$ cat target.cif   # mmCIF, C-alpha atoms and all ligand atoms
data_run
#
loop_
_atom_site.label_atom_id
_atom_site.label_comp_id
_atom_site.auth_asym_id
_atom_site.auth_seq_id
_atom_site.Cartn_x
_atom_site.Cartn_y
_atom_site.Cartn_z
CA MET K 208 -14.21 -22.38 62.45
CA LYS K 209 -16.64 -19.84 63.83
CA VAL K 210 -20.09 -19.95 62.26
CA SER K 211 -22.89 -17.46 62.71
CA VAL K 212 -26.35 -17.80 61.26
CA MET K 213 -28.82 -14.96 60.88
CA SER K 214 -32.14 -14.14 59.29
CA ILE K 215 -32.20 -11.62 56.45
CA ASP K 216 -35.37 -9.78 55.58
CA LYS K 217 -34.14 -7.74 52.65
CA VAL K 218 -33.99 -10.30 49.88
CA PRO K 219 -34.41 -9.86 46.11
CA THR K 220 -38.15 -10.43 45.59
CA ASP K 221 -37.63 -12.75 42.61
CA LEU K 222 -35.66 -15.10 44.88
CA GLY K 223 -37.89 -15.29 47.94
CA ILE K 224 -39.41 -13.35 50.83
CA HIS K 225 -37.03 -14.36 53.59
CA GLY K 226 -33.43 -15.45 53.86
CA ILE K 227 -30.97 -17.28 56.09
CA ARG K 228 -27.31 -16.32 55.91
CA PHE K 229 -24.33 -18.36 57.11
CA TYR K 230 -21.05 -16.55 57.98
CA PHE K 231 -17.83 -18.50 58.30
CA GLU K 232 -14.83 -17.07 60.17
CA LEU K 233 -11.66 -19.07 59.67
CA GLU K 234 -9.45 -19.65 62.70
CA GLU K 235 -5.77 -20.47 62.85
CA ASP K 236 -5.98 -24.19 62.02
CA ASP K 237 -8.78 -23.85 59.44
CA LEU K 238 -8.02 -24.01 55.72
CA ALA K 239 -9.07 -21.99 52.71
CA GLU K 240 -7.71 -24.76 50.47
CA SER K 241 -8.59 -28.38 51.07
CA VAL K 242 -9.59 -31.63 49.40
CA SER K 243 -13.14 -32.85 48.95
CA THR K 244 -13.73 -36.47 49.83
CA ASN K 245 -17.06 -36.03 48.06
CA ALA K 246 -15.33 -35.25 44.73
CA GLY K 247 -12.65 -37.91 44.38
CA SER K 248 -10.26 -36.21 46.85
CA SER K 249 -9.69 -33.36 44.44
CA LYS K 250 -8.36 -29.98 45.56
CA ILE K 251 -10.98 -27.37 46.44
CA LEU K 252 -10.83 -23.68 47.30
CA LEU K 253 -13.16 -21.66 49.51
CA LYS K 254 -14.05 -18.55 47.48
CA GLU K 255 -16.08 -16.55 50.00
CA ARG K 256 -16.95 -16.45 53.69
CA TYR K 257 -20.74 -16.35 53.59
CA CYS K 258 -23.69 -17.77 51.69
CA ASN K 259 -27.44 -17.25 51.52
CA PHE K 260 -30.57 -19.38 51.35
CA TYR K 261 -33.67 -17.57 50.03
CA LEU K 262 -37.01 -19.03 51.10
CA PRO K 263 -40.56 -18.51 49.78
CA LEU K 264 -41.85 -18.54 53.38
CA LYS K 265 -40.85 -16.92 56.64
CA ILE K 266 -39.46 -19.13 59.38
CA SER K 267 -37.59 -18.40 62.58
CA LEU K 268 -33.96 -19.48 62.74
CA PRO K 269 -33.76 -23.29 62.72
CA HIS K 270 -32.64 -25.25 65.81
CA PRO K 271 -28.88 -24.85 66.48
CA ASP K 272 -28.28 -28.57 65.68
CA LEU K 273 -29.85 -28.10 62.23
CA CYS K 274 -27.73 -24.99 61.57
CA ALA K 275 -24.59 -26.91 62.56
CA PHE K 276 -25.54 -29.78 60.25
CA ALA K 277 -26.10 -27.36 57.35
CA ALA K 278 -22.83 -25.53 58.06
CA LEU K 279 -20.89 -28.81 58.01
CA LYS K 280 -22.42 -29.79 54.66
CA ILE K 281 -21.21 -26.44 53.27
CA ILE K 282 -17.69 -26.14 54.71
CA SER K 283 -16.63 -29.38 56.46
CA PRO K 284 -13.37 -29.90 54.47
CA TYR K 285 -12.03 -26.51 55.62
CA ILE K 286 -12.56 -27.03 59.36
CA GLY K 287 -9.54 -27.61 61.60
CA SER K 288 -10.07 -28.77 65.18
CA SER K 289 -12.99 -26.67 66.36
CA LEU K 290 -16.54 -25.77 65.45
CA LYS K 291 -17.97 -22.78 67.27
CA MET K 292 -21.55 -22.08 66.32
CA ASP K 293 -22.94 -18.69 67.44
CA ARG K 294 -25.68 -20.64 69.23
CA ALA K 295 -24.15 -23.67 70.98
CA ILE K 296 -25.47 -27.09 69.93
CA SER K 297 -26.75 -30.07 71.92
CA LYS K 298 -24.30 -32.44 73.57
CA GLU K 299 -25.68 -35.37 71.55
CA MET K 300 -25.16 -33.53 68.25
CA ALA K 301 -21.59 -32.67 69.24
CA GLU K 302 -20.86 -36.35 69.88
CA TYR K 303 -22.22 -37.31 66.45
CA ILE K 304 -20.06 -34.67 64.79
CA LYS K 305 -16.92 -35.83 66.61
CA GLY K 306 -17.71 -39.40 65.54
CA HIS K 307 -18.10 -38.43 61.90
CA TYR K 308 -15.40 -35.77 61.42
CA GLN K 309 -12.48 -37.06 63.44
CA ASN K 310 -10.45 -33.83 63.25
CA ILE K 311 -13.19 -31.78 64.95
CA CYS K 312 -12.70 -32.19 68.70
CA ASN K 313 -13.61 -28.76 70.08
CA ILE K 314 -17.31 -27.95 69.90
CA ASP K 315 -19.26 -25.42 71.95
CA VAL K 316 -22.09 -27.28 73.69
CA ASP K 317 -25.24 -26.10 75.46
CA GLU K 318 -25.84 -28.85 78.03
CA SER K 319 -29.44 -27.76 78.59
CA LEU K 320 -30.43 -27.76 74.90
CA LYS K 321 -32.82 -30.54 73.89
CA PRO K 322 -31.32 -32.23 70.78
CA ILE K 323 -33.34 -31.74 67.59
CA SER K 324 -33.30 -35.51 67.14
CA HIS K 325 -35.61 -35.78 70.19
CA VAL K 326 -38.28 -33.61 68.55
CA THR K 327 -40.95 -35.71 66.82
CA LYS K 328 -41.08 -35.06 63.07
CA ASP K 329 -42.92 -37.69 61.08
CA LYS K 330 -43.57 -36.23 57.62
CA ALA K 331 -41.61 -36.83 54.43
CA ALA K 332 -40.32 -34.30 51.90
CA ILE K 333 -38.71 -34.86 48.52
CA SER K 334 -35.34 -33.28 47.90
CA PHE K 335 -36.37 -32.51 44.33
CA SER K 336 -33.94 -31.99 41.44
CA GLY K 337 -36.30 -32.07 38.46
CA GLY K 338 -34.53 -35.04 36.84
CA VAL K 339 -36.32 -38.27 35.90
CA ASP K 340 -35.24 -40.21 39.02
CA SER K 341 -36.31 -37.43 41.35
CA VAL K 342 -39.68 -37.04 39.57
CA ALA K 343 -40.19 -40.82 39.84
CA ALA K 344 -39.46 -40.76 43.59
CA ALA K 345 -41.93 -37.87 44.02
CA LEU K 346 -44.67 -39.62 42.03
CA LEU K 347 -44.19 -42.82 44.04
CA MET K 348 -44.38 -40.94 47.35
CA GLY K 349 -47.48 -38.98 46.30
CA LYS K 350 -48.79 -35.51 47.06
CA GLU K 351 -48.41 -35.73 50.87
CA ALA K 352 -44.66 -35.13 50.56
CA PRO K 353 -43.79 -31.54 49.58
CA LEU K 354 -41.23 -31.08 46.81
CA ILE K 355 -38.32 -28.95 48.03
CA MET K 356 -36.00 -27.82 45.27
CA THR K 357 -32.52 -26.35 45.64
CA ALA K 358 -31.89 -23.85 42.82
CA ARG K 359 -28.64 -22.00 42.24
CA THR K 360 -28.43 -18.25 42.19
CA PHE K 361 -25.17 -16.35 41.69
CA HIS K 362 -23.27 -15.21 44.79
CA PRO K 363 -23.17 -11.40 45.12
CA GLU K 364 -19.36 -11.36 45.74
CA ILE K 365 -18.29 -14.21 43.45
CA GLY K 366 -20.28 -13.03 40.44
CA LYS K 367 -21.42 -15.05 37.45
CA PHE K 368 -19.83 -18.44 37.18
CA GLU K 369 -20.45 -21.82 35.51
CA GLN K 370 -23.25 -20.23 33.52
CA TRP K 371 -24.14 -23.38 31.57
CA ASN K 372 -25.51 -24.84 34.79
CA ASN K 373 -28.81 -23.05 34.63
CA PRO K 374 -31.60 -24.18 36.97
CA LYS K 375 -34.38 -22.58 34.87
CA ALA K 376 -35.48 -25.76 33.09
CA HIS K 377 -35.60 -27.81 36.31
CA ILE K 378 -37.61 -25.07 38.01
CA LYS K 379 -40.17 -25.41 35.22
CA THR K 380 -40.31 -29.16 35.83
CA LEU K 381 -41.14 -28.35 39.47
CA GLN K 382 -43.89 -25.95 38.37
CA TYR K 383 -45.43 -28.50 36.02
CA MET K 384 -45.55 -31.34 38.56
CA PRO K 385 -49.20 -32.30 39.25
CA TYR K 386 -51.09 -29.34 40.73
CA ASP K 387 -51.90 -31.03 44.04
CA PHE K 388 -48.24 -31.39 45.07
CA SER K 389 -46.83 -28.68 47.39
CA LYS K 390 -43.79 -27.05 45.83
CA ILE K 391 -41.12 -25.10 47.69
CA LEU K 392 -38.36 -23.46 45.67
CA VAL K 393 -35.27 -22.44 47.64
CA TYR K 394 -32.64 -20.35 45.88
CA THR K 395 -29.14 -20.46 47.27
CA ASP K 396 -25.64 -19.30 46.36
CA PHE K 397 -23.83 -21.87 48.54
CA PRO K 398 -22.85 -24.10 45.54
CA TYR K 399 -20.54 -21.30 44.33
CA LEU K 400 -18.50 -21.16 47.56
CA SER K 401 -16.27 -24.14 46.71
CA VAL K 402 -14.48 -24.48 43.39
CA ASN K 403 -11.92 -26.90 41.94
CA ALA K 404 -8.19 -26.11 41.70
CA THR K 405 -8.44 -24.27 38.38
CA GLY K 406 -11.47 -22.33 39.56
CA SER K 407 -13.45 -23.54 36.58
CA PHE K 408 -16.24 -25.48 38.24
CA CYS K 409 -18.15 -25.70 41.51
CA VAL K 410 -17.76 -28.63 43.88
CA TYR K 411 -20.23 -29.82 46.49
CA PRO K 412 -17.75 -30.34 49.31
CA ASP K 413 -19.79 -32.81 51.38
CA SER K 414 -22.25 -35.62 50.61
CA TYR K 415 -25.95 -34.81 50.21
CA ALA K 416 -25.28 -31.05 50.46
CA PHE K 417 -28.19 -30.55 48.06
CA THR K 418 -30.57 -31.56 50.89
CA ILE K 419 -29.66 -28.52 53.03
CA PRO K 420 -32.92 -26.62 52.21
CA CYS K 421 -34.93 -29.69 53.36
CA VAL K 422 -32.88 -29.76 56.56
CA LEU K 423 -33.35 -26.04 57.27
CA LEU K 424 -37.13 -26.40 56.79
CA SER K 425 -37.44 -29.74 58.61
CA GLU K 426 -38.35 -28.36 62.03
CA PHE K 427 -40.91 -25.89 60.63
CA LEU K 428 -42.59 -28.47 58.35
CA GLY K 429 -42.24 -31.48 60.69
CA ILE K 430 -40.04 -33.39 58.24
CA GLY K 431 -38.44 -36.53 59.66
CA ASN K 432 -37.79 -38.20 56.29
CA ILE K 433 -35.89 -36.72 53.36
CA ILE K 434 -36.50 -38.65 50.16
CA THR K 435 -34.10 -38.47 47.22
CA GLY K 436 -34.29 -39.95 43.73
CA ASP K 437 -31.12 -42.05 44.09
CA ILE K 438 -31.32 -45.18 41.94
CA MET K 439 -29.26 -48.34 42.24
CA ALA K 440 -26.48 -46.93 40.07
CA ALA K 441 -25.89 -44.26 42.74
CA PHE K 442 -24.75 -47.05 45.05
CA THR K 443 -23.34 -49.67 42.66
CA GLY K 444 -21.08 -47.32 40.75
CA ASN K 445 -23.12 -46.97 37.54
CA GLU K 446 -24.00 -50.62 36.94
CA THR K 447 -20.31 -51.49 36.82
CA ILE K 448 -19.99 -53.30 40.12
CA TYR K 449 -22.24 -54.62 42.90
CA ASN K 450 -21.98 -52.75 46.16
CA LYS K 451 -23.25 -53.92 49.54
CA ARG K 452 -24.22 -50.33 50.34
CA LEU K 453 -27.32 -50.95 48.28
CA THR K 454 -28.92 -52.71 51.23
CA SER K 455 -27.46 -50.55 53.98
CA ALA K 456 -27.26 -47.16 52.30
CA ARG K 457 -30.20 -45.73 54.21
CA GLU K 458 -28.18 -45.66 57.42
CA GLU K 459 -26.73 -42.23 56.75
CA TYR K 460 -24.93 -41.62 60.00
CA LEU K 461 -24.94 -37.85 60.25
CA PHE K 462 -28.63 -37.51 59.35
CA LYS K 463 -29.43 -39.53 62.48
CA SER K 464 -27.93 -36.73 64.55
CA ILE K 465 -30.79 -34.45 63.48
CA GLY K 466 -33.47 -37.15 63.70
CA ILE K 467 -33.87 -37.41 59.94
CA ASN K 468 -34.14 -40.61 57.99
CA LEU K 469 -32.63 -40.26 54.53
CA ASP K 470 -34.42 -42.60 52.17
CA TYR K 471 -34.69 -43.57 48.52
CA PRO K 472 -37.69 -45.45 47.08
CA CYS K 473 -35.78 -46.10 43.81
CA ASN K 474 -32.50 -47.45 45.21
CA GLY K 475 -33.33 -51.01 44.14
CA VAL K 476 -34.15 -50.18 40.52
CA SER K 477 -32.41 -48.81 37.43
CA GLU K 478 -33.11 -45.80 35.21
CA ILE K 479 -35.17 -48.10 32.99
CA ILE K 480 -37.77 -48.35 35.77
CA THR K 481 -37.77 -44.65 36.74
CA THR K 482 -38.23 -43.82 33.04
CA LYS K 483 -41.27 -46.16 32.89
CA ILE K 484 -42.83 -44.59 36.00
CA VAL K 485 -42.42 -41.02 34.82
CA LYS K 486 -43.77 -41.90 31.36
CA ASP K 487 -46.83 -43.54 32.89
CA TYR K 488 -47.64 -40.31 34.77
CA GLY K 489 -47.19 -38.23 31.59
CA MET K 490 -44.14 -36.41 33.01
CA LEU K 491 -41.33 -37.82 30.83
CA GLU K 492 -40.99 -34.97 28.33
CA MET K 493 -41.13 -32.44 31.18
CA SER K 494 -38.33 -34.09 33.15
CA SER K 495 -35.90 -35.00 30.35
CA THR K 496 -34.04 -31.72 30.29
CA CYS K 497 -30.30 -32.09 29.75
CA GLU K 498 -27.56 -29.76 31.01
CA TYR K 499 -27.21 -28.15 27.59
CA GLY K 500 -30.83 -27.88 26.53
CA ASP K 501 -33.87 -26.06 27.82
CA PHE K 502 -37.20 -27.11 29.29
CA MET K 503 -38.73 -29.78 27.01
CA ARG K 504 -35.93 -29.05 24.53
CA PRO K 505 -33.07 -31.47 25.26
CA CYS K 506 -29.96 -30.75 23.13
CA MET K 507 -30.16 -34.18 21.40
CA LYS K 508 -26.36 -34.18 20.95
CA CYS K 509 -25.00 -35.21 24.35
CA ILE K 510 -24.54 -38.67 25.86
CA LYS K 511 -27.41 -38.23 28.30
CA CYS K 512 -29.78 -37.33 25.45
CA PHE K 513 -28.57 -40.35 23.48
CA ARG K 514 -29.05 -42.73 26.42
CA LYS K 515 -32.54 -41.40 27.19
CA SER K 516 -33.46 -41.68 23.51
CA ILE K 517 -32.35 -45.31 23.45
CA TYR K 518 -34.46 -46.03 26.54
CA LYS K 519 -37.52 -44.43 24.92
CA TRP K 520 -36.93 -46.35 21.71
CA ALA K 521 -36.70 -49.70 23.51
CA LEU K 522 -39.42 -49.14 26.10
CA PHE K 523 -42.04 -47.16 24.17
CA ASP K 524 -41.09 -47.89 20.58
CA GLU K 525 -40.24 -44.21 19.98
CA ALA K 526 -37.58 -44.70 17.29
CA LEU K 527 -35.04 -42.01 16.44
CA ASN K 528 -35.36 -40.79 12.85
CA GLU K 529 -32.50 -40.66 10.33
CA ASP K 530 -31.80 -36.95 10.95
CA GLN K 531 -31.59 -37.42 14.70
CA LEU K 532 -29.31 -40.45 14.29
CA LYS K 533 -27.05 -38.46 11.95
CA ILE K 534 -26.70 -35.62 14.48
CA PHE K 535 -25.83 -38.07 17.28
CA ASN K 536 -23.39 -39.90 14.99
CA GLU K 537 -21.47 -36.71 14.24
CA SER K 538 -21.58 -35.20 17.72
CA PRO K 539 -18.14 -34.78 19.40
CA ALA K 540 -19.53 -36.05 22.73
CA ILE K 541 -20.79 -39.25 21.10
CA ILE K 542 -17.55 -39.78 19.14
CA LYS K 543 -15.56 -39.49 22.38
CA PHE K 544 -17.97 -41.83 24.19
CA SER K 545 -17.83 -44.39 21.38
CA GLU K 546 -14.08 -44.77 21.98
CA ASP K 547 -14.12 -44.71 25.76
CA GLU K 548 -13.18 -48.13 27.14
CA SER K 549 -12.57 -46.83 30.68
CA ARG K 550 -14.78 -47.77 33.58
CA LYS K 551 -16.74 -44.55 33.01
CA GLY K 552 -17.28 -45.38 29.36
CA LEU K 553 -18.44 -48.87 30.22
CA SER K 554 -20.85 -47.77 32.95
CA LEU K 555 -24.53 -48.35 32.20
CA MET K 556 -23.63 -50.91 29.52
CA PRO K 557 -26.10 -53.41 31.05
CA SER K 558 -28.95 -50.94 30.43
CA TYR K 559 -27.66 -50.17 26.93
CA LYS K 560 -27.43 -53.88 26.13
CA PHE K 561 -30.93 -54.48 27.51
CA CYS K 562 -32.30 -51.76 25.18
CA PHE K 563 -30.25 -52.69 22.11
CA GLN K 564 -31.56 -56.26 22.41
CA ILE K 565 -35.09 -54.89 22.03
CA ILE K 566 -34.33 -52.34 19.30
CA ASN K 567 -34.01 -54.07 15.99
CA TYR K 568 -31.94 -51.55 14.06
CA ASP K 569 -28.74 -51.60 12.03
CA PHE K 570 -26.71 -48.80 13.66
CA ARG K 571 -23.81 -47.31 11.71
CA GLY K 572 -20.61 -45.34 12.36
CA ASN K 573 -19.95 -44.20 15.90
CA LEU K 574 -23.33 -45.43 17.11
CA LYS K 575 -22.42 -48.90 15.84
CA LYS K 576 -19.28 -48.73 18.01
CA ILE K 577 -21.42 -48.02 21.08
CA TYR K 578 -23.83 -50.80 20.06
CA ASP K 579 -20.95 -53.26 19.66
CA ARG K 580 -19.44 -52.31 23.00
CA ALA K 581 -22.79 -52.87 24.75
CA MET K 582 -23.27 -56.23 23.05
CA ARG K 583 -19.76 -57.31 24.08
CA TYR K 584 -20.93 -57.10 27.72
CA SER K 585 -20.77 -60.82 28.37
CA GLU K 586 -23.05 -61.22 31.43
CA PRO K 587 -26.86 -61.54 31.23
CA VAL K 588 -28.78 -58.29 31.79
CA VAL K 589 -32.15 -59.80 32.73
CA TRP K 590 -32.09 -57.90 36.04
CA VAL K 591 -32.14 -54.44 34.46
CA ASP K 592 -35.94 -53.99 34.45
CA LYS K 593 -36.48 -55.71 37.81
CA LYS K 594 -36.41 -54.69 41.45
CA PHE K 595 -33.61 -55.91 43.72
CA GLY K 596 -35.72 -57.15 46.68
CA PRO K 597 -33.01 -57.09 49.40
CA ALA K 598 -32.77 -53.30 48.97
CA TYR K 599 -36.32 -53.05 50.37
CA ILE K 600 -36.11 -55.31 53.43
CA SER K 601 -37.33 -53.70 56.68
CA ARG K 602 -37.69 -50.24 55.19
CA ASN K 603 -39.23 -47.28 56.92
CA LYS K 604 -43.05 -47.43 56.94
CA ILE K 605 -43.25 -44.05 55.22
CA LEU K 606 -42.19 -45.88 52.03
CA ASP K 607 -44.86 -48.61 52.22
CA GLU K 608 -47.22 -47.13 49.64
CA ALA K 609 -44.38 -46.03 47.37
CA ILE K 610 -43.03 -49.59 47.27
CA ILE K 611 -46.50 -50.99 46.46
CA LYS K 612 -46.72 -48.52 43.53
CA LEU K 613 -43.17 -49.40 42.46
CA ASN K 614 -44.05 -53.11 42.29
CA LYS K 615 -46.44 -52.29 39.44
CA TYR K 616 -43.47 -51.20 37.29
CA ALA K 617 -40.74 -53.48 38.56
CA PRO K 618 -41.31 -57.14 39.38
CA GLU K 619 -38.82 -58.53 41.87
CA MET K 620 -35.71 -60.27 40.54
CA ILE K 621 -35.98 -64.03 40.93
CA GLU K 622 -33.09 -65.79 42.63
CA ILE K 623 -31.08 -66.49 39.49
CA GLU K 624 -31.47 -62.84 38.40
CA SER K 625 -30.41 -61.40 41.74
CA ASP K 626 -27.44 -63.79 41.76
CA ILE K 627 -26.36 -62.36 38.40
CA PHE K 628 -26.91 -58.84 39.74
CA LYS K 629 -24.80 -59.55 42.84
CA ARG K 630 -21.98 -60.78 40.59
CA LEU K 631 -22.01 -57.50 38.68
CA ASP K 632 -18.41 -56.69 37.80
CA TRP K 633 -17.47 -54.82 34.62
CA LYS K 634 -13.92 -56.23 34.66
CA VAL K 635 -15.29 -59.78 34.42
CA ALA K 636 -17.90 -58.84 31.82
CA TYR K 637 -15.20 -57.23 29.62
CA LYS K 638 -12.23 -59.53 30.17
ZN ZN X 1 -28.41 -33.23 25.81
#

$ encode --input "target.cif" --output "structure tokens"
Amino acid sequence: MKVSVMSIDKVPTDLGIHGIRFYFELEEDDLAESVSTNAGSSKILLKERYCNFYLPLKISLPHPDLCAFAALKIISPYIGSSLKMDRAISKEMAEYIKGHYQNICNIDVDESLKPISHVTKDKAAISFSGGVDSVAAALLMGKEAPLIMTARTFHPEIGKFEQWNNPKAHIKTLQYMPYDFSKILVYTDFPYLSVNATGSFCVYPDSYAFTIPCVLLSEFLGIGNIITGDIMAAFTGNETIYNKRLTSAREEYLFKSIGINLDYPCNGVSEIITTKIVKDYGMLEMSSTCEYGDFMRPCMKCIKCFRKSIYKWALFDEALNEDQLKIFNESPAIIKFSEDESRKGLSLMPSYKFCFQIINYDFRGNLKKIYDRAMRYSEPVVWVDKKFGPAYISRNKILDEAIIKLNKYAPEMIEIESDIFKRLDWKVAYK
């Protein structure tokens, strides 16, 4: 794969003032059809050969190692045996890439180039999505860490696509974050480059691709730490099973190659805790947008809206009224969910059970089915509103203050609670 990266000055003014464009030229052993290990090994297709990032500030082209990292996050599944960047990368970076992507063995190297990982960068930035977990991570980190948001804009050649996925509401969440936070909105069309086999939805072909804007800006802003809102369910498989990655997840191999520490202040807590944090800062209504609703107007028919409503009912005594319950009860998404006994359907049942135990209400119809399924979860759920301490052992100092703030919302699990948490296994709880 040949990759060239260039600055573009003529950008649509509603998207930014400066742009960076990546061109991909496929060589003989490259593929236009591949599988994404990031999306359950499903088939993916490469729709176009270039993509754009539109920035609200002007920067010179990032270090060649950073451009190579970004390129890999966009097109890694399509690369055959070689990666030829228009500006050769450092020898160290090339070794990291060969170690991570075993098929890539030919890389153009500039022996004299100082690796980007040797450049001191000590600040943190939030890779901000606008969802509750991401807002919680930002509030814990505080105003020193700029919020960098990746927002989709349609690709000029691919046209309009997956229109329900509209970033407008999340952009408003960014705007309404406390005024003393720095906010950087980066529009990009790269999410439209890869689609699934039927061409009906976009696929992020590589892990943490949404952090690319943070990576491209890291040299300019001195960012050595990218913070995401990942909660424990991101590592445990949605509260269905315990996963050792929870304590080692921060060692993201490829990020080391660019001297960036990927970190997550919320990886030892559940959504129950991030909801409490965001509520305490008065940001809950502004960050509860669902995929189908608009800013501060969630659809109140989908599963996400139902789950968030149950959390609010249990945690803040904000009960749903009869009309709202009726709409949920008759919603096709809820009916389907009420009958779903698969692993997906059973995920997050510990949190549901925790909330239903607090809510004293006689649910009916399809909601009763969900209630019953949660209550059938046979293991104790006392850990749900606690912090799993081992996830925070010897963490990067940049998180020190965030963890102190987090402790206010989430006391640490005592031994018996963390033992229950470490036994987490949905098959046992539902046998
Ligand atoms: Zn919804």

$ closest_residue --input "target.cif" --among "K:Gly337, K:Pro505, K:Pro219, K:Pro472" --to "K:Thr435" --atoms "only C-alpha atoms"
K:Pro472

$ residues_around --input "target.cif" --residues "K:Glu232" --least-positions-apart "4" --cutoff "10 Å" --atoms "only C-alpha atoms" --output "list in words"
Met208, Lys209, Val210, Ser211, Asp237, Arg256, Tyr257 and Lys291 of chain K

$ residues_near_ligand --input "target.cif" --ligand "ligand ZN 1 (chain X)" --cutoff "10 Å" --atoms "all atoms listed in the file" --output "list in words"
Ser495, Thr496, Cys497, Glu498, Tyr499, Gly500, Asp501, Arg504, Pro505, Cys506, Met507, Lys508, Cys509, Ile510, Lys511, Cys512, Phe513, Arg514, Lys515 and Ala540 of chain K

$ closest_residue --input "target.cif" --among "K:Ala275, K:Leu253, K:Ile434, K:Ile610" --to "K:Ser336" --atoms "only C-alpha atoms"
K:Ile434

$ axis_aligned_box --input "target.cif" --around "stretch 327-337 of chain K" --padding-each-side "6 Å" --output "JSON"
{"center_x": -38.8, "center_y": -34.8, "center_z": 52.6, "size_x": 21.6, "size_y": 17.7, "size_z": 40.4}

$ closest_residue --input "target.cif" --among "K:Pro385, K:Gly436, K:Pro263, K:Gly247" --to "K:Asp221" --atoms "only C-alpha atoms"
K:Pro263

$ closest_residue --input "target.cif" --among "K:Leu347, K:Val402, K:Leu290, K:Leu264" --to "K:Ile611" --atoms "all atoms listed in the file"
K:Leu347

$ closest_residue --input "target.cif" --among "K:Thr360, K:Asn567, K:Ser625, K:Ser464" --to "K:Ile296" --atoms "only C-alpha atoms"
K:Ser464

$ residues_around --input "target.cif" --residues "K:Ile433" --least-positions-apart "5" --cutoff "10 Å" --atoms "all atoms listed in the file" --output "PDB file with C-alpha atoms, keeping the file's coordinate frame"
ATOM      1  CA  LYS K 330     -43.570 -36.230  57.620  1.00  0.00           C
ATOM      2  CA  ALA K 331     -41.610 -36.830  54.430  1.00  0.00           C
ATOM      3  CA  ALA K 332     -40.320 -34.300  51.900  1.00  0.00           C
ATOM      4  CA  ILE K 333     -38.710 -34.860  48.520  1.00  0.00           C
ATOM      5  CA  SER K 334     -35.340 -33.280  47.900  1.00  0.00           C
ATOM      6  CA  PHE K 335     -36.370 -32.510  44.330  1.00  0.00           C
ATOM      7  CA  ALA K 352     -44.660 -35.130  50.560  1.00  0.00           C
ATOM      8  CA  ILE K 355     -38.320 -28.950  48.030  1.00  0.00           C
ATOM      9  CA  THR K 418     -30.570 -31.560  50.890  1.00  0.00           C
ATOM     10  CA  CYS K 421     -34.930 -29.690  53.360  1.00  0.00           C
ATOM     11  CA  VAL K 422     -32.880 -29.760  56.560  1.00  0.00           C
ATOM     12  CA  SER K 425     -37.440 -29.740  58.610  1.00  0.00           C
ATOM     13  CA  PHE K 462     -28.630 -37.510  59.350  1.00  0.00           C
ATOM     14  CA  ILE K 467     -33.870 -37.410  59.940  1.00  0.00           C
ATOM     15  CA  ASN K 468     -34.140 -40.610  57.990  1.00  0.00           C
ATOM     16  CA  LEU K 469     -32.630 -40.260  54.530  1.00  0.00           C
ATOM     17  CA  ASP K 470     -34.420 -42.600  52.170  1.00  0.00           C
ATOM     18  CA  TYR K 471     -34.690 -43.570  48.520  1.00  0.00           C
TER      19      TYR K 471
END

$ atom_distance --input "target.cif" --atom1 "atom CA of K:Leu279" --atom2 "atom CA of K:Ala441"
22.3 Å

$ atom_distance --input "target.cif" --atom1 "atom CA of K:Met556" --atom2 "atom CA of K:Asn474"
18.4 Å

$ closest_residue --input "target.cif" --among "K:Leu555, K:Cys473, K:Met490, K:Ile541" --to "K:Asn614" --atoms "all atoms listed in the file"
K:Cys473

$ residues_around --input "target.cif" --residues "K:Gly489" --least-positions-apart "4" --cutoff "12 Å" --atoms "all atoms listed in the file" --output "PyMOL selection string"
chain K and resi 339+342-343+346+383-385+482-485+493-495

$ write_last_selection --input "target.cif" --atoms "C-alpha atoms" --output "CSV table (one decimal), in the frame of the given file"
chain,number,residue,atom,x,y,z
K,339,VAL,CA,-36.3,-38.3,35.9
K,342,VAL,CA,-39.7,-37.0,39.6
K,343,ALA,CA,-40.2,-40.8,39.8
K,346,LEU,CA,-44.7,-39.6,42.0
K,383,TYR,CA,-45.4,-28.5,36.0
K,384,MET,CA,-45.6,-31.3,38.6
K,385,PRO,CA,-49.2,-32.3,39.2
K,482,THR,CA,-38.2,-43.8,33.0
K,483,LYS,CA,-41.3,-46.2,32.9
K,484,ILE,CA,-42.8,-44.6,36.0
K,485,VAL,CA,-42.4,-41.0,34.8
K,493,MET,CA,-41.1,-32.4,31.2
K,494,SER,CA,-38.3,-34.1,33.2
K,495,SER,CA,-35.9,-35.0,30.4

$ atom_distance --input "target.cif" --atom1 "atom CA of K:Pro557" --atom2 "atom CA of K:Ile627"
11.6 Å

$ build_atoms --input "target.cif" --residues "stretch 551-555 of chain K" --atoms "N, CA and C atoms" --output "PDB file, keeping the file's coordinate frame"
ATOM      1  N   LYS K 551     -15.672 -45.535  33.220  1.00  0.00           N
ATOM      2  CA  LYS K 551     -16.740 -44.550  33.010  1.00  0.00           C
ATOM      3  C   LYS K 551     -17.477 -44.828  31.696  1.00  0.00           C
ATOM      4  N   GLY K 552     -16.670 -45.113  30.658  1.00  0.00           N
ATOM      5  CA  GLY K 552     -17.280 -45.380  29.360  1.00  0.00           C
ATOM      6  C   GLY K 552     -18.114 -46.653  29.339  1.00  0.00           C
ATOM      7  N   LEU K 553     -17.743 -47.583  30.204  1.00  0.00           N
ATOM      8  CA  LEU K 553     -18.440 -48.870  30.220  1.00  0.00           C
ATOM      9  C   LEU K 553     -19.621 -48.884  31.199  1.00  0.00           C
ATOM     10  N   SER K 554     -19.752 -47.814  31.978  1.00  0.00           N
ATOM     11  CA  SER K 554     -20.850 -47.770  32.950  1.00  0.00           C
ATOM     12  C   SER K 554     -22.167 -47.749  32.186  1.00  0.00           C
ATOM     13  N   LEU K 555     -23.182 -48.287  32.786  1.00  0.00           N
ATOM     14  CA  LEU K 555     -24.530 -48.350  32.200  1.00  0.00           C
ATOM     15  C   LEU K 555     -24.621 -49.243  30.968  1.00  0.00           C
TER      16      LEU K 555
END
